[in-house]
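Participant: Pasting a structure here, questions to come.
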Amino acid sequence: MKQWADIIKNVSMLTQFGLSLLTPLLLCLGLCWWLTSRFGLGGWVYIFGFFFGLGGSGMVAYKLYLSETQHRKKEEKKDKISFNRHS
């Protein structure tokens with residue numbers, strides 16, 4: 001049963017990560033679509049929206065990397081046996 005719980009946890013984490021990467025790009029492109037339809041700007045706006053969306057997605061990936069490395073460091077520290085921690 002624990003194996004299934006781990007599988008479901010990993011699949012949900014992967015789905016959440018995928019949505020977190022996709023959302024900034026879709027929001028920026030949606031904003032570009034609104035700007036072109038509302039104010040009549042040219043198609044060149046989509047280029048900036050695409051790169052800003054990729055920047056937002058890159059920031060999400062970088063923050064996830066930082067949190068995972070910090071979590072791993074805490075786990076390594078926790079695994080050490082010290083004076084007051086016996087296993």
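How things are named: the first chain in the structure tokens is A, the next is B, and so on; residues count from 1 in each chain; ligands count from 1 in the order shown.
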As a tab-separated table (two decimals) with N, CA and C atoms, in the first residue's frame, which residues of chain A does DSSP assign to helix (DSSP H, G or I)?

Facilitator:
```tsv
chain	number	residue	atom	x	y	z
A	2	LYS	N	2.00	1.21	0.71
A	2	LYS	CA	2.88	2.38	0.76
A	2	LYS	C	3.44	2.70	-0.62
A	3	GLN	N	3.68	1.64	-1.40
A	3	GLN	CA	4.21	1.85	-2.75
A	3	GLN	C	3.22	2.64	-3.61
A	4	TRP	N	1.93	2.33	-3.51
A	4	TRP	CA	0.92	3.06	-4.28
A	4	TRP	C	0.82	4.50	-3.81
A	5	ALA	N	0.95	4.72	-2.52
A	5	ALA	CA	0.89	6.08	-1.99
A	5	ALA	C	2.06	6.91	-2.50
A	6	ASP	N	3.23	6.28	-2.58
A	6	ASP	CA	4.40	6.98	-3.12
A	6	ASP	C	4.23	7.29	-4.60
A	7	ILE	N	3.67	6.34	-5.34
A	7	ILE	CA	3.45	6.55	-6.77
A	7	ILE	C	2.46	7.69	-6.99
A	8	ILE	N	1.37	7.69	-6.26
A	8	ILE	CA	0.37	8.75	-6.41
A	8	ILE	C	0.95	10.10	-6.01
A	9	LYS	N	1.76	10.12	-4.95
A	9	LYS	CA	2.39	11.37	-4.52
A	9	LYS	C	3.32	11.91	-5.60
A	10	ASN	N	4.13	11.02	-6.21
A	10	ASN	CA	5.06	11.46	-7.24
A	10	ASN	C	4.34	11.92	-8.51
A	11	VAL	N	3.28	11.24	-8.87
A	11	VAL	CA	2.51	11.65	-10.07
A	11	VAL	C	1.85	13.01	-9.83
A	12	SER	N	1.30	13.21	-8.64
A	12	SER	CA	0.68	14.51	-8.36
A	12	SER	C	1.71	15.62	-8.31
A	13	MET	N	2.91	15.33	-7.79
A	13	MET	CA	3.98	16.34	-7.77
A	13	MET	C	4.41	16.68	-9.20
A	14	LEU	N	4.51	15.67	-10.06
A	14	LEU	CA	4.90	15.89	-11.44
A	14	LEU	C	3.84	16.70	-12.18
A	15	THR	N	2.58	16.41	-11.93
A	15	THR	CA	1.48	17.16	-12.56
A	15	THR	C	1.49	18.61	-12.09
A	16	GLN	N	1.68	18.81	-10.80
A	16	GLN	CA	1.73	20.17	-10.26
A	16	GLN	C	2.91	20.94	-10.84
A	17	PHE	N	4.06	20.29	-10.97
A	17	PHE	CA	5.24	20.93	-11.54
A	17	PHE	C	4.99	21.31	-13.00
A	18	GLY	N	4.34	20.42	-13.75
A	18	GLY	CA	4.03	20.72	-15.15
A	18	GLY	C	3.08	21.90	-15.28
A	19	LEU	N	2.07	21.94	-14.43
A	19	LEU	CA	1.14	23.08	-14.46
A	19	LEU	C	1.83	24.37	-14.03
A	20	SER	N	2.72	24.28	-13.07
A	20	SER	CA	3.44	25.47	-12.62
A	20	SER	C	4.38	26.00	-13.69
A	21	LEU	N	4.91	25.12	-14.52
A	21	LEU	CA	5.76	25.57	-15.62
A	21	LEU	C	4.95	26.14	-16.77
A	22	LEU	N	3.78	25.61	-16.99
A	22	LEU	CA	2.97	26.02	-18.13
A	22	LEU	C	2.18	27.30	-17.88
A	23	THR	N	1.78	27.54	-16.64
A	23	THR	CA	0.91	28.66	-16.31
A	23	THR	C	1.51	30.03	-16.65
A	24	PRO	N	2.77	30.35	-16.28
A	24	PRO	CA	3.29	31.68	-16.63
A	24	PRO	C	3.32	31.94	-18.14
A	25	LEU	N	3.65	30.90	-18.90
A	25	LEU	CA	3.68	31.07	-20.35
A	25	LEU	C	2.28	31.34	-20.90
A	26	LEU	N	1.29	30.59	-20.42
A	26	LEU	CA	-0.08	30.81	-20.90
A	26	LEU	C	-0.63	32.16	-20.47
A	27	LEU	N	-0.29	32.59	-19.27
A	27	LEU	CA	-0.76	33.90	-18.81
A	27	LEU	C	-0.16	35.03	-19.64
A	28	CYS	N	1.13	34.93	-19.92
A	28	CYS	CA	1.76	35.98	-20.73
A	28	CYS	C	1.22	35.99	-22.16
A	29	LEU	N	1.01	34.83	-22.73
A	29	LEU	CA	0.46	34.79	-24.09
A	29	LEU	C	-1.00	35.23	-24.11
A	30	GLY	N	-1.73	34.95	-23.05
A	30	GLY	CA	-3.11	35.45	-22.94
A	30	GLY	C	-3.14	36.96	-22.83
A	31	LEU	N	-2.20	37.51	-22.08
A	31	LEU	CA	-2.10	38.97	-21.97
A	31	LEU	C	-1.76	39.58	-23.34
A	32	CYS	N	-0.89	38.93	-24.08
A	32	CYS	CA	-0.55	39.42	-25.42
A	32	CYS	C	-1.76	39.36	-26.34
A	33	TRP	N	-2.53	38.30	-26.26
A	33	TRP	CA	-3.73	38.20	-27.08
A	33	TRP	C	-4.70	39.32	-26.73
A	34	TRP	N	-4.86	39.62	-25.43
A	34	TRP	CA	-5.75	40.69	-25.01
A	34	TRP	C	-5.24	42.04	-25.51
A	35	LEU	N	-3.94	42.27	-25.43
A	35	LEU	CA	-3.38	43.54	-25.92
A	35	LEU	C	-3.58	43.71	-27.42
A	36	THR	N	-3.41	42.63	-28.19
A	36	THR	CA	-3.58	42.76	-29.64
A	36	THR	C	-5.04	42.94	-30.02
A	37	SER	N	-5.94	42.28	-29.30
A	37	SER	CA	-7.35	42.43	-29.66
A	37	SER	C	-7.94	43.74	-29.12
A	38	ARG	N	-7.48	44.18	-27.97
A	38	ARG	CA	-8.04	45.40	-27.35
A	38	ARG	C	-7.45	46.67	-27.95
A	39	PHE	N	-6.14	46.71	-28.10
A	39	PHE	CA	-5.47	47.94	-28.54
A	39	PHE	C	-4.93	47.87	-29.96
A	45	VAL	N	4.14	41.56	-30.32
A	45	VAL	CA	3.93	41.51	-28.87
A	45	VAL	C	4.05	40.08	-28.36
A	46	TYR	N	3.67	39.11	-29.19
A	46	TYR	CA	3.74	37.71	-28.79
A	46	TYR	C	5.17	37.25	-28.52
A	47	ILE	N	6.13	37.84	-29.22
A	47	ILE	CA	7.53	37.48	-29.01
A	47	ILE	C	7.94	37.84	-27.58
A	48	PHE	N	7.61	39.05	-27.16
A	48	PHE	CA	7.94	39.46	-25.80
A	48	PHE	C	7.19	38.63	-24.76
A	49	GLY	N	5.93	38.36	-25.04
A	49	GLY	CA	5.14	37.53	-24.12
A	49	GLY	C	5.69	36.13	-23.98
A	50	PHE	N	6.16	35.58	-25.09
A	50	PHE	CA	6.74	34.24	-25.05
A	50	PHE	C	8.00	34.22	-24.20
A	51	PHE	N	8.88	35.21	-24.40
A	51	PHE	CA	10.12	35.22	-23.62
A	51	PHE	C	9.88	35.54	-22.15
A	52	PHE	N	8.95	36.43	-21.85
A	52	PHE	CA	8.62	36.68	-20.44
A	52	PHE	C	7.98	35.45	-19.79
A	53	GLY	N	7.16	34.74	-20.53
A	53	GLY	CA	6.56	33.51	-20.02
A	53	GLY	C	7.61	32.43	-19.76
A	54	LEU	N	8.58	32.32	-20.67
A	54	LEU	CA	9.67	31.38	-20.44
A	54	LEU	C	10.51	31.78	-19.24
A	55	GLY	N	10.67	33.09	-19.04
A	55	GLY	CA	11.41	33.56	-17.86
A	55	GLY	C	10.69	33.20	-16.58
A	56	GLY	N	9.37	33.35	-16.57
A	56	GLY	CA	8.59	32.97	-15.40
A	56	GLY	C	8.66	31.48	-15.14
A	57	SER	N	8.60	30.69	-16.19
A	57	SER	CA	8.71	29.23	-16.04
A	57	SER	C	10.10	28.83	-15.55
A	58	GLY	N	11.10	29.52	-16.05
A	58	GLY	CA	12.46	29.26	-15.58
A	58	GLY	C	12.63	29.58	-14.12
A	59	MET	N	11.98	30.65	-13.66
A	59	MET	CA	12.05	31.01	-12.25
A	59	MET	C	11.36	29.96	-11.38
A	60	VAL	N	10.26	29.41	-11.86
A	60	VAL	CA	9.57	28.34	-11.13
A	60	VAL	C	10.50	27.13	-11.01
A	61	ALA	N	11.16	26.76	-12.10
A	61	ALA	CA	12.06	25.61	-12.08
A	61	ALA	C	13.25	25.88	-11.15
A	62	TYR	N	13.77	27.09	-11.15
A	62	TYR	CA	14.90	27.44	-10.29
A	62	TYR	C	14.50	27.39	-8.82
A	63	LYS	N	13.32	27.91	-8.49
A	63	LYS	CA	12.85	27.87	-7.10
A	63	LYS	C	12.63	26.43	-6.64
A	64	LEU	N	12.11	25.57	-7.52
A	64	LEU	CA	11.95	24.17	-7.17
A	64	LEU	C	13.30	23.51	-6.93
A	65	TYR	N	14.28	23.84	-7.76
A	65	TYR	CA	15.63	23.30	-7.59
A	65	TYR	C	16.21	23.73	-6.24
A	66	LEU	N	16.04	25.00	-5.89
A	66	LEU	CA	16.55	25.48	-4.61
A	66	LEU	C	15.87	24.79	-3.43
A	67	SER	N	14.58	24.62	-3.51
A	67	SER	CA	13.87	23.98	-2.39
A	67	SER	C	14.26	22.51	-2.27
A	68	GLU	N	14.46	21.84	-3.39
A	68	GLU	CA	14.86	20.43	-3.34
A	68	GLU	C	16.27	20.26	-2.79
A	69	THR	N	17.20	21.12	-3.17
A	69	THR	CA	18.56	21.01	-2.64
A	69	THR	C	18.56	21.33	-1.15
A	70	GLN	N	17.76	22.28	-0.73
A	70	GLN	CA	17.67	22.59	0.70
A	70	GLN	C	17.05	21.41	1.46
A	71	HIS	N	16.04	20.79	0.88
A	71	HIS	CA	15.41	19.63	1.52
A	71	HIS	C	16.40	18.47	1.63
A	72	ARG	N	17.20	18.25	0.60
A	72	ARG	CA	18.19	17.17	0.63
A	72	ARG	C	19.27	17.43	1.68
A	73	LYS	N	19.68	18.69	1.82
A	73	LYS	CA	20.66	19.02	2.85
A	73	LYS	C	20.11	18.75	4.24
A	74	LYS	N	18.84	19.07	4.45
A	74	LYS	CA	18.22	18.79	5.74
A	74	LYS	C	18.14	17.28	5.99
A	75	GLU	N	17.83	16.51	4.96
A	75	GLU	CA	17.75	15.06	5.10
A	75	GLU	C	19.12	14.47	5.42
A	76	GLU	N	20.18	14.99	4.77
A	76	GLU	CA	21.53	14.50	5.05
A	76	GLU	C	21.92	14.81	6.49
A	77	LYS	N	21.57	16.00	6.95
A	77	LYS	CA	21.87	16.38	8.32
A	77	LYS	C	21.12	15.49	9.30
A	78	LYS	N	19.88	15.16	8.95
A	78	LYS	CA	19.05	14.35	9.83
A	78	LYS	C	19.58	12.92	9.93
A	79	ASP	N	20.21	12.42	8.86
A	79	ASP	CA	20.71	11.05	8.85
A	79	ASP	C	21.97	10.86	9.69
```
